[in-house]
Structure formats: structure tokens, C-alpha cells
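my_file-v6.cif (mmCIF, C-alpha atoms)
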data_data
#
loop_
_atom_site.label_atom_id
_atom_site.label_comp_id
_atom_site.auth_asym_id
_atom_site.auth_seq_id
_atom_site.Cartn_x
_atom_site.Cartn_y
_atom_site.Cartn_z
CA MET O 28 0.00 0.00 0.00
CA LEU O 29 2.98 2.29 -0.43
CA VAL O 30 1.85 3.06 -3.98
CA GLU O 31 -1.29 5.16 -4.12
CA PRO O 32 -4.14 3.68 -6.19
CA ARG O 33 -4.75 5.41 -9.51
CA SER O 34 -8.24 6.36 -8.39
CA GLY O 35 -6.75 8.08 -5.34
CA LEU O 36 -4.36 10.10 -7.48
CA LEU O 37 -7.09 11.13 -9.91
CA ALA O 38 -9.47 12.16 -7.13
CA ALA O 39 -6.87 13.99 -5.03
CA TRP O 40 -5.27 15.95 -7.87
CA GLY O 41 -8.61 16.45 -9.58
CA ASN O 42 -9.88 18.04 -6.38
CA ALA O 43 -6.81 20.25 -6.15
CA LEU O 44 -7.43 21.35 -9.74
CA LEU O 45 -11.08 22.15 -9.04
CA ALA O 46 -9.96 24.22 -6.05
CA GLY O 47 -7.56 26.20 -8.24
CA LEU O 48 -4.48 25.01 -6.35
CA VAL O 49 -2.74 23.36 -9.30
CA SER O 50 -2.77 23.83 -13.06
CA PRO O 51 -4.39 21.30 -15.41
CA ASP O 52 -0.97 20.16 -16.62
CA GLU O 53 0.31 19.71 -13.05
CA ALA O 54 -2.73 17.64 -12.14
CA ALA O 55 -2.45 15.44 -15.24
CA LEU O 56 1.27 14.86 -14.68
CA ALA O 57 0.71 13.80 -11.07
CA ILE O 58 -2.16 11.47 -11.99
CA VAL O 59 -0.25 9.73 -14.77
CA GLY O 60 2.80 9.23 -12.55
CA GLU O 61 5.04 6.50 -13.98
CA ASP O 62 2.43 5.27 -16.46
CA ALA O 63 2.90 6.00 -20.16
CA VAL O 64 -0.44 7.64 -20.85
CA HIS O 65 -3.94 8.07 -19.42
CA ARG O 66 -7.00 8.75 -21.57
CA VAL O 67 -10.69 9.17 -20.73
CA ASP O 68 -13.39 7.48 -22.84
CA GLY O 69 -17.13 8.03 -22.79
CA LEU O 70 -17.33 11.71 -21.87
CA PRO O 71 -20.54 13.42 -22.94
CA GLY O 72 -19.92 15.40 -26.12
CA GLU O 73 -16.76 13.50 -27.08
CA ALA O 74 -16.71 10.94 -29.90
CA GLY O 75 -13.72 9.04 -28.52
CA PRO O 76 -11.00 8.98 -25.87
CA VAL O 77 -9.46 12.31 -24.81
CA GLY O 78 -6.54 13.34 -22.63
CA LEU O 79 -6.77 13.93 -18.90
CA THR O 80 -6.43 17.70 -19.14
CA LEU O 81 -9.38 18.02 -21.49
CA ALA O 82 -11.40 15.43 -19.56
CA LEU O 83 -11.00 17.15 -16.20
CA GLY O 84 -11.94 20.47 -17.76
CA ARG O 85 -14.99 18.94 -19.40
CA LEU O 86 -16.16 17.37 -16.13
CA ARG O 87 -15.75 20.72 -14.39
CA GLY O 88 -17.77 22.36 -17.17
CA LEU O 89 -20.51 19.77 -16.72
CA GLY O 90 -20.78 20.73 -13.05
CA ALA O 91 -18.33 18.50 -11.18
CA THR O 92 -17.35 20.08 -7.86
CA GLY O 93 -15.30 17.22 -6.41
CA PHE O 94 -14.22 13.61 -6.76
CA ARG O 95 -14.70 10.64 -4.44
CA VAL O 96 -12.81 7.34 -4.34
CA ALA O 97 -14.25 3.83 -4.18
CA LEU O 98 -12.07 0.81 -3.32
CA PRO O 99 -14.49 -2.14 -3.46
CA VAL O 100 -13.64 -5.83 -3.13
CA PRO O 101 -15.95 -8.87 -3.16
CA GLY O 102 -18.30 -8.65 -0.20
CA HIS O 103 -17.43 -5.02 0.53
CA PRO O 104 -18.74 -2.38 -1.95
CA LEU O 105 -16.71 0.37 -0.29
CA GLY O 106 -17.53 3.79 -1.72
CA LEU O 107 -20.06 2.61 -4.32
CA SER O 108 -23.63 3.83 -4.77
CA GLY O 109 -24.77 2.09 -7.98
CA PRO O 110 -26.10 1.39 -10.49
CA PRO O 111 -25.20 -2.32 -10.88
CA ASP O 112 -23.22 -1.89 -14.13
CA PHE O 113 -20.92 0.71 -12.61
CA ASN O 114 -20.57 -1.30 -9.40
CA ALA O 115 -19.65 -4.44 -11.36
CA ARG O 116 -16.96 -2.67 -13.37
CA ALA O 117 -15.56 -0.95 -10.29
CA LEU O 118 -15.50 -4.24 -8.40
CA GLU O 119 -13.57 -5.88 -11.24
CA ALA O 120 -10.99 -3.07 -11.17
CA GLU O 121 -11.15 -2.87 -7.34
CA GLU O 122 -11.21 0.92 -7.63
CA ALA O 123 -13.15 3.79 -9.16
CA VAL O 124 -13.68 7.55 -8.98
CA VAL O 125 -17.13 9.08 -8.54
CA ALA O 126 -17.68 12.71 -9.52
CA TYR O 127 -19.56 14.92 -7.08
CA GLY O 128 -22.10 17.27 -8.61
CA VAL O 129 -22.60 15.29 -11.84
CA PRO O 130 -23.88 11.69 -12.24
CA TYR O 131 -20.69 10.18 -13.64
CA GLY O 132 -18.01 7.82 -12.45
CA LEU O 133 -14.69 6.68 -13.90
CA VAL O 134 -13.27 3.15 -13.81
CA PRO O 135 -9.65 2.48 -14.89
CA GLU O 136 -8.79 -0.20 -17.44
CA VAL O 137 -5.05 -0.91 -17.32
CA THR O 138 -3.00 -2.40 -20.16
CA GLU O 139 0.59 -3.52 -19.55
CA ALA O 140 3.20 -4.57 -22.11
CA GLY O 141 6.90 -5.39 -21.90
CA PRO O 142 9.19 -7.24 -19.49
CA ALA O 143 9.25 -6.79 -15.72
CA GLY O 144 11.13 -3.65 -14.81
CA ASP O 145 10.38 -2.04 -18.18
CA LEU O 146 6.60 -2.10 -18.40
CA HIS O 147 4.68 0.19 -20.73
CA VAL O 148 1.44 0.99 -18.92
CA GLU O 149 -1.57 2.64 -20.53
CA VAL O 150 -4.78 3.50 -18.68
CA VAL O 151 -8.21 4.20 -20.12
CA TRP O 152 -10.75 5.67 -17.70
CA ARG O 153 -14.26 4.58 -18.70
CA VAL O 154 -16.93 7.18 -17.91
CA LEU O 155 -20.20 5.59 -16.78
CA PRO O 156 -23.45 6.84 -15.23
CA VAL O 157 -23.63 6.61 -11.45
CA ARG O 158 -26.47 6.90 -9.00
CA GLU O 159 -26.40 10.07 -6.91
CA ALA O 160 -26.64 8.53 -3.44
CA PRO O 161 -24.47 8.28 -0.31
CA PRO O 162 -21.45 5.99 -0.87
CA ALA O 163 -21.37 2.65 0.90
CA ASP O 164 -19.52 2.26 4.21
CA VAL O 165 -17.28 5.35 4.06
CA PRO O 166 -16.24 6.58 7.54
CA SER O 167 -15.33 10.08 8.60
CA LEU O 168 -11.67 10.92 9.11
CA GLY O 169 -12.13 10.76 12.87
CA GLU O 170 -13.78 7.35 12.71
CA ALA O 171 -11.09 6.06 10.35
CA GLU O 172 -8.30 7.24 12.64
CA ARG O 173 -9.84 5.55 15.68
CA GLU O 174 -10.52 2.34 13.77
CA LEU O 175 -6.94 2.17 12.51
CA ALA O 176 -5.50 2.54 16.00
CA GLU O 177 -7.77 -0.15 17.43
CA ALA O 178 -7.31 -2.59 14.56
CA LEU O 179 -3.55 -2.20 14.58
CA ARG O 180 -3.37 -2.84 18.31
CA ASP O 181 -5.60 -5.92 18.18
CA ALA O 182 -3.93 -7.43 15.12
CA THR O 183 -0.43 -6.85 16.46
CA ALA O 184 -1.30 -8.80 19.60
CA VAL O 185 -2.68 -11.75 17.61
CA LEU O 186 0.12 -11.81 15.04
CA SER O 187 2.81 -11.51 17.70
CA ARG O 188 1.36 -14.53 19.47
CA LEU O 189 1.46 -16.48 16.21
CA ASP O 190 5.01 -15.26 15.44
CA VAL O 191 4.01 -13.70 12.11
CA ALA O 192 4.00 -10.04 13.04
CA GLY O 193 6.72 -9.27 10.53
CA SER O 194 10.09 -10.75 11.33
CA GLY O 195 12.79 -11.93 8.98
CA PRO O 196 14.60 -10.40 5.98
CA VAL O 197 11.50 -9.92 3.80
CA ALA O 198 9.69 -7.96 6.48
CA GLU O 199 12.76 -5.94 7.38
CA ALA O 200 13.36 -4.99 3.74
CA ALA O 201 9.74 -3.85 3.33
CA VAL O 202 9.84 -1.75 6.49
CA ASP O 203 13.21 -0.24 5.51
CA ALA O 204 11.81 0.69 2.09
CA TYR O 205 8.84 2.39 3.73
CA ARG O 206 11.04 4.36 6.12
CA ALA O 207 13.34 5.45 3.28
CA ARG O 208 10.43 6.84 1.29
CA VAL O 209 9.05 8.67 4.31
CA GLU O 210 12.45 10.21 5.05
CA GLN O 211 12.66 11.44 1.46
CA GLY O 212 9.51 13.45 2.14
CA ARG O 213 7.30 11.75 -0.42
CA GLU O 214 4.15 13.74 -1.09
CA VAL O 215 0.82 12.15 -0.33
CA LEU O 216 -2.59 13.32 -1.42
CA ALA O 217 -2.37 16.72 -3.14
CA PRO O 218 -2.10 20.41 -2.25
CA GLY O 219 -4.89 21.70 -0.06
CA TYR O 220 -5.84 18.55 1.81
CA PRO O 221 -6.06 18.99 5.60
CA PRO O 222 -3.18 17.58 7.71
CA ARG O 223 -5.52 15.05 9.33
CA ALA O 224 -6.32 13.51 5.94
CA VAL O 225 -2.61 13.19 5.18
CA ARG O 226 -2.03 11.61 8.60
CA VAL O 227 -4.85 9.09 8.12
CA LEU O 228 -3.58 8.15 4.64
CA GLU O 229 -0.03 7.60 5.89
CA MET O 230 -1.29 5.52 8.83
CA ALA O 231 -3.48 3.42 6.52
CA GLN O 232 -0.48 2.79 4.28
CA ARG O 233 1.60 1.68 7.28
CA VAL O 234 -1.16 -0.70 8.36
CA GLY O 235 -1.43 -1.98 4.78
CA LEU O 236 2.32 -2.59 4.78
CA LEU O 237 2.09 -4.73 7.92
CA VAL O 238 -0.75 -6.73 6.42
CA SER O 239 1.22 -7.29 3.19
CA VAL O 240 4.31 -8.35 5.13
CA ALA O 241 2.29 -10.78 7.23
CA TYR O 242 0.76 -12.35 4.12
CA GLU O 243 4.03 -12.52 2.19
CA ASN O 244 6.32 -13.62 5.00
CA GLY O 245 5.27 -17.27 5.09
CA HIS O 246 3.50 -18.94 7.96
CA GLY O 247 6.13 -18.07 10.57
CA GLY O 248 5.24 -19.83 13.80
CA ALA O 249 1.65 -20.47 12.67
CA VAL O 250 2.28 -24.11 11.92
CA SER O 251 -1.15 -25.55 12.65
CA ALA O 252 -4.23 -25.12 10.51
CA SER O 253 -6.04 -23.42 13.36
CA GLU O 254 -3.20 -20.94 13.85
CA ILE O 255 -3.05 -20.16 10.12
CA ALA O 256 -6.82 -19.62 10.15
CA ALA O 257 -6.46 -17.36 13.19
CA ARG O 258 -3.91 -15.27 11.35
CA GLY O 259 -6.28 -14.87 8.40
CA GLU O 260 -9.09 -13.89 10.74
CA ALA O 261 -6.82 -11.27 12.32
CA LEU O 262 -5.68 -9.81 9.00
CA ARG O 263 -8.98 -9.54 7.14
CA PRO O 264 -10.63 -6.95 9.38
CA VAL O 265 -7.39 -4.95 9.55
CA GLU O 266 -7.18 -4.90 5.77
CA ARG O 267 -10.80 -3.77 5.60
CA VAL O 268 -10.17 -0.97 8.10
CA ALA O 269 -7.12 0.20 6.14
CA ARG O 270 -9.11 0.43 2.90
CA ARG O 271 -11.91 2.32 4.65
CA ALA O 272 -9.34 4.77 5.99
CA LEU O 273 -7.80 5.28 2.54
CA VAL O 274 -11.20 6.19 1.11
CA ALA O 275 -11.92 8.52 4.03
CA ALA O 276 -8.63 10.33 3.43
CA TYR O 277 -9.14 10.76 -0.32
CA ASN O 278 -12.75 11.86 0.20
CA ALA O 279 -11.90 14.44 2.86
CA TYR O 280 -12.17 17.18 0.23
CA VAL O 281 -15.76 16.34 -0.62
CA GLU O 282 -16.79 15.53 2.94
CA GLY O 283 -15.20 18.73 4.23
CA GLY O 284 -16.84 20.89 1.59
CA GLU O 285 -13.66 22.31 0.07
CA VAL O 286 -9.92 21.97 -0.12
CA ARG O 287 -8.06 24.46 2.03
CA ARG O 288 -6.75 27.33 -0.06
#

C-alpha cells encoding of this file:
Amino acid sequence: MLVEPRSGLLAAWGNALLAGLVSPDEAALAIVGEDAVHRVDGLPGEAGPVGLTLALGRLRGLGATGFRVALPVPGHPLGLSGPPDFNARALEAEEAVVAYGVPYGLVPEVTEAGPAGDLHVEVVWRVLPVREAPPADVPSLGEAERELAEALRDATAVLSRLDVAGSGPVAEAAVDAYRARVEQGREVLAPGYPPRAVRVLEMAQRVGLLVSVAYENGHGGAVSASEIAARGEALRPVERVARRALVAAYNAYVEGGEVRR
């Protein structure tokens, strides 16, 4: 969870653009990141795919005043509000962006080509109708912060007992990589987001890192089937809490009414 989801980047920098805190080119550059190109298909009034700069401007002209994030997985439609077609596509991608103020959402379709380490990545954002209704299961920033603290404490106790809390070279390398990126002052979210949203996002990413390490670091001391099952039971709710917190952080702009200028 050290890499921000594409939907998070589009929502965060799209919100900063709508608030007048960044230029269209700055927003597009930040959203594309290390990908080769992003295009948007299905915009009203456009016959085919267009670039991000034009697409964000068109959505603003249509009445968009903000962007929300959805990070759904099977059994947890986090951030979705329908209709079924949009929900199904978002669930397949495990992420989506929902515009606030206009009934449209965007789902990324990612195409990769080339060898590992030299991938050429293209993204097409499909614009689809969405239902204007409250998003599913999105907490406030305060709720997300409290949930993260509680989930991290409970999971750490269980995983420590099972000897899978994150020991060994794989875990150490992952933690070292996280610390190095933090020390380099990596930017999270986008200009104008409140400090609490940044704090919640960073905490959710740390929790996500621990979950990833626990999953990837073998069974550790959890040698029995019951202990392995107990580890899974401990990780699933923590992973869920971390995703809820990510969505709360990205949606702080919309929930708060405006990005700080």
C-alpha cells in the first residue's frame, strides 16, 4: 500500500485542480505518474478517448465540484452507490472515482506490455453513469483514525502470538523501504488537503504494509491449521479498516466541503 491507487491520485489531484491550487498540466502529470499515458473514454460530447487535461476540464464544465474514491472488493462495496453496471466494473478493477455534482463515475482499465522492470502501462478511464446517493460504508476521518489505532493494536497482539507479526529479511526490507520513502519526504494526497487527511492516509499505508508483510512472509510460527486460520481472521478486518481509511482520506475534500486554499 505504499503506492497510491490510480483512483486516489485522480481524485486527489482532480480536487486540487477544481480548487484552483494546481494547473491542469500539473494535475495530469501527477495522476499519470510512472504510467505512459492516461485517456478518458465516454465523456458526454466527445466521440472518442481524450486526454486527462481536457477530460477534467470537461467534467468541471458539466458541473463537477469534487471527486470521491471507491475501493471495493468482493463482499465489501466500499464507496459505491450504484447502479449495478458501474458497481460491477468498479468491483472488477477494485477501484473507481465518482464525480460529485454530476452523475458520472470513472473506472480504470489498465494495459501492460513489456518485461518486468520495463513495463509500458496505458490507462483508459471509462466514464459511466452513477447513482447520486451516499457511498457505501465510508467513515469520517475521525472514525477512520480511531478504527486504525484499534485494529492495529488488536492485530499486532494476535500476530505476535502467532510469530508472524513481521520478522525476517522480507519484512525488514519492506519496512526499511517504507522508512526510506518517508524520510525522502514523499508527497501524499495533493495540495490543499487537511493535515488530518494526510495523517490518516499515511497511517493506513503503514497498516497496509504490515498486512502485506504478514501475508508474504510465510507462515512463521503459525504451523497448525487453526493458527493459520487465526492469522487470516486477524488480517482480514485490519485490511478492511485500512481500505476504509484510505477512502476517508481521499474523500476528505468532498466531505469537508472544500480543499483548504

Selection: 7 Å around O:Ser108, all atoms listed in the file, excl. self and same-chain fewer than 3 positions, as a PyMOL selection string: chain O and resi 158+160-163

Any chance you could export the current selection's C-alpha atoms as an mmCIF file, in the frame of the given file?
data_model
loop_
_atom_site.group_PDB
_atom_site.id
_atom_site.type_symbol
_atom_site.label_atom_id
_atom_site.label_comp_id
_atom_site.auth_asym_id
_atom_site.auth_seq_id
_atom_site.Cartn_x
_atom_site.Cartn_y
_atom_site.Cartn_z
ATOM 1 C CA ARG O 158 -26.470 6.900 -9.000
ATOM 2 C CA ALA O 160 -26.640 8.530 -3.440
ATOM 3 C CA PRO O 161 -24.470 8.280 -0.310
ATOM 4 C CA PRO O 162 -21.450 5.990 -0.870
ATOM 5 C CA ALA O 163 -21.370 2.650 0.900
#

Spatial neighbours of stretch 40-52 of chain O, max dist 10 Å, only C-alpha atoms, sep filter under 6 positions, as an NGL selection string: :O and (58 or 79-81 or 83-84 or 86-87 or 91-95 or 126 or 216-220 or 277-278 or 280-281 or 285-288)

Give me the residues within 9 Å of O:Ala178 as a list in words, counting only C-alpha atoms and dropping any in the same chain fewer than 6 places off.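 Close residues of O:Ala178: Val234, Ala261, Pro264, Val265, Val268 and Ala269 of chain O.
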
Coordinates-based distance that separates atom CA of O:Phe113 from atom CA of O:Gly132 (Å, one decimal):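 Value for the atom CA of O:Gly132-atom CA of O:Phe113 distance: 7.7 Å.
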
Within 10 Å of stretch 133-142 of chain O using all atoms listed in the file, minus same-chain residues under 6 positions, as an MDAnalysis selection string: chainID O and resid 33:34 37 62:63 65:70 94 96:97 113:114 116:126 148:157

What does the structure give for the distance between atom CA of O:Gly35 and atom CA of O:Leu98, in Å to one decimal? 9.2 Å

I'd like the interatomic distance between atom CA of O:Ala224 and atom CA of O:Leu236, to a tenth of an Å. 18.3 Å

Applying 10 Å and all atoms listed in the file, which residues near O:Glu170 remain after dropping the ones on its own chain fewer than 3 positions away? List them as a ChimeraX atom specification. /O:165-167,173-175,271-272,275

Based on the selection just made, write C-alpha atoms of those residues as a short mmCIF file (atom, residue, chain, number, x, y, z; two decimals), in the frame of the given file.
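This went into part13.cif:
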data_model
loop_
_atom_site.label_atom_id
_atom_site.label_comp_id
_atom_site.auth_asym_id
_atom_site.auth_seq_id
_atom_site.Cartn_x
_atom_site.Cartn_y
_atom_site.Cartn_z
CA VAL O 165 -17.28 5.35 4.06
CA PRO O 166 -16.24 6.58 7.54
CA SER O 167 -15.33 10.08 8.60
CA ARG O 173 -9.84 5.55 15.68
CA GLU O 174 -10.52 2.34 13.77
CA LEU O 175 -6.94 2.17 12.51
CA ARG O 271 -11.91 2.32 4.65
CA ALA O 272 -9.34 4.77 5.99
CA ALA O 275 -11.92 8.52 4.03
#

Could you check the closest approach to O:Tyr127 for each of O:Gly60, O:Gly90, O:Gly109, O:Pro76 and tell me which residue wins, using all atoms listed in the file? O:Gly90

In terms of the shortest atom-to-atom distance over all atoms listed in the file, which of O:Glu159, O:Ala57, O:Gly259, O:Asp164 is closest to O:His103? O:Asp164
